[in-house]
Structure formats: structure tokens, C-alpha cells
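Everything on this sheet refers to the single structure shown next.
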Amino acid sequence: MTFAGRFEDSLVVEQLSKLSVSFLVDDLEIRRGGVAPNISFGLAALGLSPVLVGAAGQDFADYRSWLERHGVVCDHVRISESRHTARFVCTTDSTMAQFASFYPGAMSEARLIELAPIVARVGEPAYVLIGADDPDGMLRHTEECRQRGYRFIADPSQQLAFGEGELIRALVDGAALLFTNEYESHLVEQKTGWDAAEILGRVEVQVTTLGAEGVRIRRREHDDLVVPAAAGVTAVEPTGVGDAFRAGFLAATTWGLGLERAAQVGCVLAAYVVETVGTQEYAFTAASFLGRLGDSYGAAAAAEVEPHLRPA
Ligand SMILES: Nc1ncnc2c1ncn2[C@@H]1O[C@H](COP(=O)(O)OP(=O)(O)OP(=O)(O)O)[C@@H](O)[C@H]1O
Ligand SMILES: [Mg+2]
């Protein structure tokens, strides 16, 4: 919501113990989000059939239809009997001051989800990506992946700020891939107490997004690989860029392409998101996607992706 005035003008410092304020807002926007739906939407947009796993409320029905219409498999979303779907609610005033709340709600039931029965239905997954979720749920999914030998991806993002070292170490150790942005990569080092070299000893590939600078890929015994962001991007609103990058990167990896190509596909998908308001409002044709890929990374990149790309 947007409040045209200033919160400051409604707050009486001496009366904070009896605080009760109300703001007449002139704009309400409701946006889709959540890291798992965002990443799944991106994978489906490129032609894959991602399986969304998580916990939502009875209010999930509309979101489910939207996601299913766009190719995301939602059969394994757990629906809570008593709690609503997690949401972030925020009011911004004319000075960009914010009052915000995050309601985890049904999300806390993610810890009750077991992966094996889902795998029995959908087949062995190429990867299980464990994104920011109920911390106990993240831990349980990671441990189940280790036990059952599913290749897993650590993508703890928002939970890095809250989690203690012990949790972060348990989420990262043994991952096929570790995704973070640059700030989060420092948080991982700080919280785990592992330096850059030790992290590389514990994950196969570390992918760090660098905003408009692109992405850096690290592996043991390889030089760092830096892939620049897509060319000709007019940034409008960044929410969801990181998720789109992951979707593009993982789609290309699933197609059997190399890491550099995967990062290029990720950067192009992220470009569509940063150019729109919202996280799932973009659409493209195969021709436009391949055109952008070619303009940014050369004709060979477009030619290699062309046989695989099947936009929804
Ligand atoms: N201004 C930009 N111009 C072009 N590409 C961008 C821009 N910002 C982000 N990207 C693309 O998106 C990818 C992810 O961006 P970034 O590192 O900002 O993710 P993030 O911090 O996780 O974002 P968020 O959490 O808001 O989704 C980058 O690697 C890049 O390809
Ligand atoms: Mg992010």
C-alpha cells in the first residue's frame, strides 16, 4: 500500500506506549511471489515441468490455478487446515519509510513434508532446490536429500539473515550448487565460519549473482568464471531477479548445457523480470529469447539453446 503523507507526522514520540495509528492509503497492489513459485514459474516459462513443494493455506486456490495454467505442477503443495498462505504486507509513505510485516502462516508446516512420497510419484528429480522457507523444513529437506542421495541445491537467501551458523552449515554442506547474491555470500562465510576455500570444499559449484555486474561461478581447481549481465537491460523493478536467474540457470543445466551457457540463460531470463513490475508478469517467444541471448552472448549461445527452448 502507498500512503501519500509521512508516517512521521502521525507519530507522537511521548505517546509511543499508547501507539494506535491508522493511515488512509490510496493504493493497494497485490503481487504474486515466494521464491519457490517464482523459480518454478521461470522453469515452466522455458518449457520444463517443475514440481512445487511447500505449504500454503486454503487461500492458495487462485494462485494454484495461475501457476498450473503456466505449467507448474502443484499436486504436492501441502494445504494447511488452519493457517493462511505466507505473505509480506508493506505500507510505504512518501519518504519511502515503511511499515512491513511478514506472516509465515502455513509456511511453518513445510517441516511436515516428506520428499520420498513425492519422488515416488514424479520420479527422481534432477535437483531438489531448497529455498528460503520454514527453517526446520529447510533442514529436514536437506537431510532427506543427503540420506536418499538426491542432488540438492542450497539457496537459503532471506533465511541467512536469521539463521545461526549451525543451521547454515547444515543447509550448505554437500550441496551440488550454492546460490547466493554477493552480500549473502559474505553472510555465508561469516555465519558458517568457513572461508571461501572451505566452502568450495563442501559444494560442487558456487554461483554468486552480482546484480547488474552479472554472475560469478566458482569451482575447486578452476579459475573463476564471470558472466556479464544481459545487454540492453532497462531496469524497472528488481524483485524476483535472483529467482529468475536461478530458473534460467537450472533449465539450461537440465538441458545438459555447460555452466557458462547456463549463467547466460539465467541472465537473460532475469533481464525479463527486472524490466517488469512483479515477479511473474513477463512473457516471451522463443524468437525474442534467442534474439536477446544472441545479442548478449553471440550466435553460438543462441544456437546451442534453440533446440531445447520450448516457451510455455
Ligand atoms: N540492473 C540489472 N541489469 C541487468 N541484469 C540484472 C540487473 N539486476 C539484476 N540482474 C540480473 O539478475 C541476476 C540476479 O541479480 P541480483 O544479484 O541482484 O539478485 P538478488 O540480489 O538475489 O535479487 P533479489 O533477491 O531481489 O531477487 C544478476 O546476475 C543479473 O543477471
Ligand atoms: Mg535474492
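Identifiers in this document derive from the order of the C-alpha cells: chains are assigned A, B, ..., residues are numbered from 1 separately in each chain, and ligands are numbered from 1 in order of occurrence.
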I'd like a table as a tab-separated table: residues in chain A with an atom no more than 10 Å from ligand 1, each row giving the shortest atom pair and its distance in Å to one decimal, only C-alpha atoms and all ligand atoms counted, sorted by chain and rising residue number.
residue	atom	partner	partner_atom_place_in_ligand_line	distance
A:Val35	CA	ligand 1	27 (O)	8.6
A:Asn38	CA	ligand 1	27 (O)	9.6
A:Asp155	CA	ligand 1	22 (O)	9.8
A:Ser157	CA	ligand 1	22 (O)	7.3
A:Gln158	CA	ligand 1	25 (O)	8.1
A:Phe179	CA	ligand 1	22 (O)	8.8
A:Thr180	CA	ligand 1	22 (O)	6.5
A:Asn181	CA	ligand 1	17 (O)	4.7
A:Glu182	CA	ligand 1	17 (O)	6.7
A:Tyr183	CA	ligand 1	21 (O)	7.8
A:Glu184	CA	ligand 1	21 (O)	8.3
A:Val207	CA	ligand 1	29 (O)	9.3
A:Thr208	CA	ligand 1	17 (O)	7.3
A:Thr209	CA	ligand 1	17 (O)	3.9
A:Leu210	CA	ligand 1	17 (O)	4.2
A:Gly211	CA	ligand 1	18 (O)	3.4
A:Ala212	CA	ligand 1	2 (C)	3.8
A:Glu213	CA	ligand 1	30 (C)	6.7
A:Gly214	CA	ligand 1	29 (O)	4.0
A:Val215	CA	ligand 1	29 (O)	4.6
A:Arg216	CA	ligand 1	29 (O)	8.2
A:Val226	CA	ligand 1	29 (O)	10.0
A:Val227	CA	ligand 1	29 (O)	8.3
A:Pro228	CA	ligand 1	31 (O)	7.2
A:Ala229	CA	ligand 1	31 (O)	4.4
A:Ala230	CA	ligand 1	4 (C)	5.8
A:Ala231	CA	ligand 1	4 (C)	7.3
A:Gly232	CA	ligand 1	4 (C)	7.9
A:Val233	CA	ligand 1	4 (C)	5.3
A:Thr234	CA	ligand 1	3 (N)	6.8
A:Ala235	CA	ligand 1	1 (N)	5.0
A:Val236	CA	ligand 1	1 (N)	8.3
A:Glu237	CA	ligand 1	1 (N)	8.7
A:Pro238	CA	ligand 1	26 (O)	5.3
A:Thr239	CA	ligand 1	26 (O)	4.4
A:Gly240	CA	ligand 1	27 (O)	3.8
A:Val241	CA	ligand 1	27 (O)	4.0
A:Gly242	CA	ligand 1	27 (O)	3.5
A:Asp243	CA	ligand 1	27 (O)	5.6
A:Ala244	CA	ligand 1	12 (O)	7.3
A:Phe245	CA	ligand 1	13 (C)	5.3
A:Arg246	CA	ligand 1	14 (C)	8.3
A:Gly248	CA	ligand 1	31 (O)	10.0
A:Ala263	CA	ligand 1	31 (O)	7.9
A:Gln264	CA	ligand 1	31 (O)	7.8
A:Val265	CA	ligand 1	31 (O)	9.0
A:Gly266	CA	ligand 1	31 (O)	6.5
A:Cys267	CA	ligand 1	31 (O)	3.6
A:Val268	CA	ligand 1	31 (O)	6.8
A:Leu269	CA	ligand 1	31 (O)	8.0
A:Ala270	CA	ligand 1	12 (O)	4.7
A:Ala271	CA	ligand 1	5 (N)	5.2
A:Tyr272	CA	ligand 1	5 (N)	8.9
A:Val273	CA	ligand 1	12 (O)	8.2
A:Val274	CA	ligand 1	7 (C)	6.3
A:Glu275	CA	ligand 1	3 (N)	8.6
A:Thr279	CA	ligand 1	27 (O)	8.7
Helix (DSSP H, G or I) residues, from DSSP on the backbone, in segment 156-227 of chain A, as an MDAnalysis selection string: chainID A and resid 159:162 165:172 182:192 196:202 211:213
Suppose we keep C-alpha atoms; can you now write the selection as a CSV table (one decimal), in the first residue's frame?
chain,number,residue,atom,x,y,z
A,159,GLN,CA,17.0,-17.1,5.9
A,160,LEU,CA,20.7,-16.3,6.0
A,161,ALA,CA,20.0,-13.1,8.0
A,162,PHE,CA,18.1,-15.1,10.7
A,165,GLY,CA,25.9,-20.8,11.9
A,166,GLU,CA,24.8,-24.4,12.8
A,167,LEU,CA,21.8,-24.1,10.6
A,168,ILE,CA,23.6,-22.5,7.6
A,169,ARG,CA,26.4,-25.2,7.8
A,170,ALA,CA,23.8,-27.9,7.7
A,171,LEU,CA,22.0,-26.4,4.7
A,172,VAL,CA,25.1,-25.8,2.6
A,182,GLU,CA,27.1,-11.2,-3.3
A,183,TYR,CA,26.0,-9.8,0.0
A,184,GLU,CA,24.6,-13.2,1.0
A,185,SER,CA,27.9,-14.9,0.0
A,186,HIS,CA,29.7,-12.9,2.7
A,187,LEU,CA,26.9,-13.8,5.2
A,188,VAL,CA,27.5,-17.5,4.4
A,189,GLU,CA,31.2,-17.1,5.2
A,190,GLN,CA,30.6,-15.1,8.3
A,191,LYS,CA,27.9,-17.4,9.7
A,192,THR,CA,29.5,-20.7,8.9
A,196,ALA,CA,35.9,-19.1,0.5
A,197,ALA,CA,38.2,-22.1,0.0
A,198,GLU,CA,36.5,-24.3,2.6
A,199,ILE,CA,33.1,-23.5,1.1
A,200,LEU,CA,34.4,-24.7,-2.2
A,201,GLY,CA,35.5,-27.9,-0.5
A,202,ARG,CA,31.9,-28.5,0.6
A,211,GLY,CA,23.3,-7.6,-9.8
A,212,ALA,CA,23.9,-5.5,-12.9
A,213,GLU,CA,27.5,-6.9,-13.0
Members of segment 53-138 of chain A assigned strand (DSSP E or B) by DSSP, as a list of chain:residue names: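 Reading the DSSP output for segment 53-138 of chain A, strand (DSSP E or B) covers A:Gly54, A:Ala55, A:Ala56, A:Val73, A:Val77, A:Arg78, A:Ile79, A:Arg87, A:Phe88, A:Val89, A:Cys90, A:Thr91, A:Thr92, A:Gln98, A:Phe99, A:Ala100, A:Ser101, A:Phe102, A:Tyr103, A:Val128, A:Leu129, A:Ile130, A:Gly131.
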Separation of atom CA of Leu43 of chain A from atom CA of Ala56 of chain A, in Å and rounded to one decimal: 20.4 Å
All residues 12 Å or closer to segment 113-128 of chain A, only C-alpha atoms, same chain fewer than 6 positions away omitted, as a ChimeraX atom specification: /A:36,40,48-56,73-80,106-107,134,136-155,175-177,247,250-256
What lies within 7 Å of segment 296-311 of chain A using only C-alpha atoms, ignoring chain neighbours under 4 positions off, as an mmCIF file with all heavy atoms, in the first residue's frame?
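selection09.cif, written as the output of this step:
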data_model
loop_
_atom_site.group_PDB
_atom_site.id
_atom_site.type_symbol
_atom_site.label_atom_id
_atom_site.label_comp_id
_atom_site.auth_asym_id
_atom_site.auth_seq_id
_atom_site.Cartn_x
_atom_site.Cartn_y
_atom_site.Cartn_z
ATOM 1 N N ALA A 45 8.257 -21.401 -17.763
ATOM 2 C CA ALA A 45 8.265 -20.449 -18.882
ATOM 3 C C ALA A 45 9.248 -20.882 -19.970
ATOM 4 O O ALA A 45 9.085 -20.566 -21.141
ATOM 5 C CB ALA A 45 8.615 -19.047 -18.372
ATOM 6 N N LEU A 46 10.281 -21.637 -19.567
ATOM 7 C CA LEU A 46 11.275 -22.109 -20.544
ATOM 8 C C LEU A 46 10.927 -23.496 -21.086
ATOM 9 O O LEU A 46 11.647 -24.025 -21.934
ATOM 10 C CB LEU A 46 12.661 -22.133 -19.890
ATOM 11 C CG LEU A 46 13.208 -20.747 -19.525
ATOM 12 C CD1 LEU A 46 14.423 -20.877 -18.614
ATOM 13 C CD2 LEU A 46 13.574 -19.963 -20.777
ATOM 14 N N GLY A 47 9.839 -24.090 -20.557
ATOM 15 C CA GLY A 47 9.379 -25.355 -21.113
ATOM 16 C C GLY A 47 9.559 -26.576 -20.230
ATOM 17 O O GLY A 47 9.247 -27.689 -20.647
ATOM 18 N N ALA A 230 22.910 -9.616 -19.053
ATOM 19 C CA ALA A 230 22.412 -9.477 -20.422
ATOM 20 C C ALA A 230 22.570 -8.023 -20.884
ATOM 21 O O ALA A 230 22.584 -7.105 -20.069
ATOM 22 C CB ALA A 230 20.950 -9.900 -20.481
ATOM 23 N N ALA A 231 22.686 -7.845 -22.189
ATOM 24 C CA ALA A 231 22.889 -6.497 -22.743
ATOM 25 C C ALA A 231 21.541 -5.789 -22.927
ATOM 26 O O ALA A 231 20.503 -6.428 -23.055
ATOM 27 C CB ALA A 231 23.598 -6.615 -24.086
ATOM 28 N N TRP A 255 19.098 -29.107 -19.455
ATOM 29 C CA TRP A 255 19.249 -29.397 -20.888
ATOM 30 C C TRP A 255 20.634 -29.969 -21.200
ATOM 31 O O TRP A 255 20.922 -30.319 -22.340
ATOM 32 C CB TRP A 255 19.075 -28.128 -21.722
ATOM 33 C CG TRP A 255 17.702 -27.514 -21.652
ATOM 34 C CD1 TRP A 255 16.523 -28.153 -21.416
ATOM 35 C CD2 TRP A 255 17.374 -26.120 -21.810
ATOM 36 N NE1 TRP A 255 15.485 -27.248 -21.428
ATOM 37 C CE2 TRP A 255 15.973 -26.002 -21.661
ATOM 38 C CE3 TRP A 255 18.131 -24.968 -22.059
ATOM 39 C CZ2 TRP A 255 15.311 -24.766 -21.766
ATOM 40 C CZ3 TRP A 255 17.471 -23.747 -22.169
ATOM 41 C CH2 TRP A 255 16.077 -23.646 -22.023
ATOM 42 N N ARG A 261 27.106 -21.278 -20.254
ATOM 43 C CA ARG A 261 25.864 -21.139 -21.013
ATOM 44 C C ARG A 261 24.679 -21.033 -20.058
ATOM 45 O O ARG A 261 23.764 -20.235 -20.264
ATOM 46 C CB ARG A 261 25.707 -22.373 -21.922
ATOM 47 C CG ARG A 261 24.804 -22.149 -23.083
ATOM 48 C CD ARG A 261 25.290 -21.076 -24.047
ATOM 49 N NE ARG A 261 26.217 -21.558 -25.057
ATOM 50 C CZ ARG A 261 27.251 -20.847 -25.525
ATOM 51 N NH1 ARG A 261 27.509 -19.631 -25.070
ATOM 52 N NH2 ARG A 261 28.045 -21.338 -26.446
ATOM 53 N N THR A 285 8.593 -14.950 -26.535
ATOM 54 C CA THR A 285 8.547 -16.007 -27.540
ATOM 55 C C THR A 285 9.947 -16.595 -27.637
ATOM 56 O O THR A 285 10.923 -15.973 -27.192
ATOM 57 C CB THR A 285 8.165 -15.444 -28.912
ATOM 58 O OG1 THR A 285 9.180 -14.491 -29.277
ATOM 59 C CG2 THR A 285 6.798 -14.759 -28.876
ATOM 60 N N ALA A 286 10.035 -17.770 -28.260
ATOM 61 C CA ALA A 286 11.360 -18.382 -28.441
ATOM 62 C C ALA A 286 12.241 -17.435 -29.243
ATOM 63 O O ALA A 286 13.426 -17.237 -28.913
ATOM 64 C CB ALA A 286 11.223 -19.726 -29.149
ATOM 65 N N LEU A 290 15.788 -16.037 -27.835
ATOM 66 C CA LEU A 290 17.037 -16.391 -28.535
ATOM 67 C C LEU A 290 17.716 -15.147 -29.096
ATOM 68 O O LEU A 290 18.950 -15.049 -29.113
ATOM 69 C CB LEU A 290 16.739 -17.395 -29.654
ATOM 70 C CG LEU A 290 16.236 -18.767 -29.163
ATOM 71 C CD1 LEU A 290 15.721 -19.604 -30.326
ATOM 72 C CD2 LEU A 290 17.340 -19.510 -28.403
ATOM 73 N N ARG A 292 17.692 -12.150 -27.740
ATOM 74 C CA ARG A 292 18.403 -11.492 -26.627
ATOM 75 C C ARG A 292 19.664 -12.239 -26.250
ATOM 76 O O ARG A 292 20.686 -11.638 -25.935
ATOM 77 C CB ARG A 292 17.504 -11.436 -25.388
ATOM 78 C CG ARG A 292 16.422 -10.416 -25.491
ATOM 79 C CD ARG A 292 15.887 -10.084 -24.143
ATOM 80 N NE ARG A 292 16.648 -8.974 -23.576
ATOM 81 C CZ ARG A 292 16.157 -8.148 -22.677
ATOM 82 N NH1 ARG A 292 14.925 -8.314 -22.232
ATOM 83 N NH2 ARG A 292 16.897 -7.170 -22.215
#
Nearest to Ala86 of chain A by atom-to-atom distance, counting only C-alpha atoms, from A:Gly42, A:Gly33, A:Gly294, A:Gly131: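 Selected residue with least distance to Ala86 of chain A: A:Gly33.
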Counting only C-alpha atoms and all ligand atoms, the option among A:Phe99, A:Phe249, A:Pro156, A:Phe41 closest to ligand 2: A:Pro156
Residue among A:Leu11, A:Tyr63, A:Ala132, A:Arg83 lying closest to ligand 2, counting only C-alpha atoms and all ligand atoms: A:Ala132
Within 7 Å of Arg87 of chain A using only C-alpha atoms, minus same-chain residues under 5 positions, as an MDAnalysis selection string: chainID A and resid 102:104
Only N, CA, C and O atoms, please: the residues just picked out, written as an mmCIF file, in the first residue's frame.
data_model
loop_
_atom_site.group_PDB
_atom_site.id
_atom_site.type_symbol
_atom_site.label_atom_id
_atom_site.label_comp_id
_atom_site.auth_asym_id
_atom_site.auth_seq_id
_atom_site.Cartn_x
_atom_site.Cartn_y
_atom_site.Cartn_z
ATOM 1 N N PHE A 102 5.823 -9.650 7.993
ATOM 2 C CA PHE A 102 5.846 -10.921 7.279
ATOM 3 C C PHE A 102 5.092 -11.937 8.117
ATOM 4 O O PHE A 102 5.393 -12.137 9.296
ATOM 5 N N TYR A 103 4.083 -12.538 7.511
ATOM 6 C CA TYR A 103 3.288 -13.569 8.182
ATOM 7 C C TYR A 103 3.695 -14.919 7.607
ATOM 8 O O TYR A 103 3.424 -15.193 6.439
ATOM 9 N N PRO A 104 4.384 -15.779 8.374
ATOM 10 C CA PRO A 104 4.798 -17.078 7.813
ATOM 11 C C PRO A 104 3.626 -18.047 7.649
ATOM 12 O O PRO A 104 3.575 -18.809 6.695
#
Pick from A:Gly34, A:Gly174, A:Gly5, A:Gly258 nearest to ligand 2, counting only C-alpha atoms and all ligand atoms: A:Gly34
Polymer residues at most 12 Å from Ser10 of chain A, only C-alpha atoms, same-chain spacing of 6 or more positions, as a PyMOL selection string: chain A and resi 3+16+19-24+93
Export of the given selection (N, CA and C atoms) as a PDB file, in the first residue's frame:
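Listed below is the output, result.pdb:
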ATOM      1  N   PHE A   3       1.042   5.262   1.107  1.00  0.00           N
ATOM      2  CA  PHE A   3       0.472   6.349   1.903  1.00  0.00           C
ATOM      3  C   PHE A   3       1.087   7.647   1.394  1.00  0.00           C
ATOM      4  N   LEU A  16       4.369   6.869  22.473  1.00  0.00           N
ATOM      5  CA  LEU A  16       4.619   5.603  21.768  1.00  0.00           C
ATOM      6  C   LEU A  16       4.098   4.390  22.530  1.00  0.00           C
ATOM      7  N   LEU A  19       0.540   3.597  21.366  1.00  0.00           N
ATOM      8  CA  LEU A  19       0.505   3.775  19.905  1.00  0.00           C
ATOM      9  C   LEU A  19      -0.747   3.172  19.266  1.00  0.00           C
ATOM     10  N   SER A  20      -1.441   3.990  18.507  1.00  0.00           N
ATOM     11  CA  SER A  20      -2.557   3.491  17.705  1.00  0.00           C
ATOM     12  C   SER A  20      -2.724   4.466  16.554  1.00  0.00           C
ATOM     13  N   VAL A  21      -2.266   4.081  15.400  1.00  0.00           N
ATOM     14  CA  VAL A  21      -2.346   4.985  14.250  1.00  0.00           C
ATOM     15  C   VAL A  21      -2.982   4.244  13.081  1.00  0.00           C
ATOM     16  N   SER A  22      -3.598   5.015  12.224  1.00  0.00           N
ATOM     17  CA  SER A  22      -4.238   4.417  11.064  1.00  0.00           C
ATOM     18  C   SER A  22      -3.948   5.330   9.881  1.00  0.00           C
ATOM     19  N   PHE A  23      -3.675   4.758   8.745  1.00  0.00           N
ATOM     20  CA  PHE A  23      -3.325   5.558   7.573  1.00  0.00           C
ATOM     21  C   PHE A  23      -4.322   5.300   6.459  1.00  0.00           C
ATOM     22  N   LEU A  24      -4.788   6.381   5.856  1.00  0.00           N
ATOM     23  CA  LEU A  24      -5.676   6.236   4.705  1.00  0.00           C
ATOM     24  C   LEU A  24      -4.766   6.105   3.479  1.00  0.00           C
ATOM     25  N   ASP A  93       5.432   5.174   2.775  1.00  0.00           N
ATOM     26  CA  ASP A  93       4.946   6.561   2.732  1.00  0.00           C
ATOM     27  C   ASP A  93       5.714   7.364   1.683  1.00  0.00           C
TER      28      ASP A  93
END
Å distance separating atom CA of Cys90 of chain A from atom CA of Phe7 of chain A, one decimal place: 13.0 Å
Atom CA of Gly57 of chain A to atom CA of Glu81 of chain A, distance in Å rounded to a single decimal: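 Distance between the two atoms: 7.0 Å.
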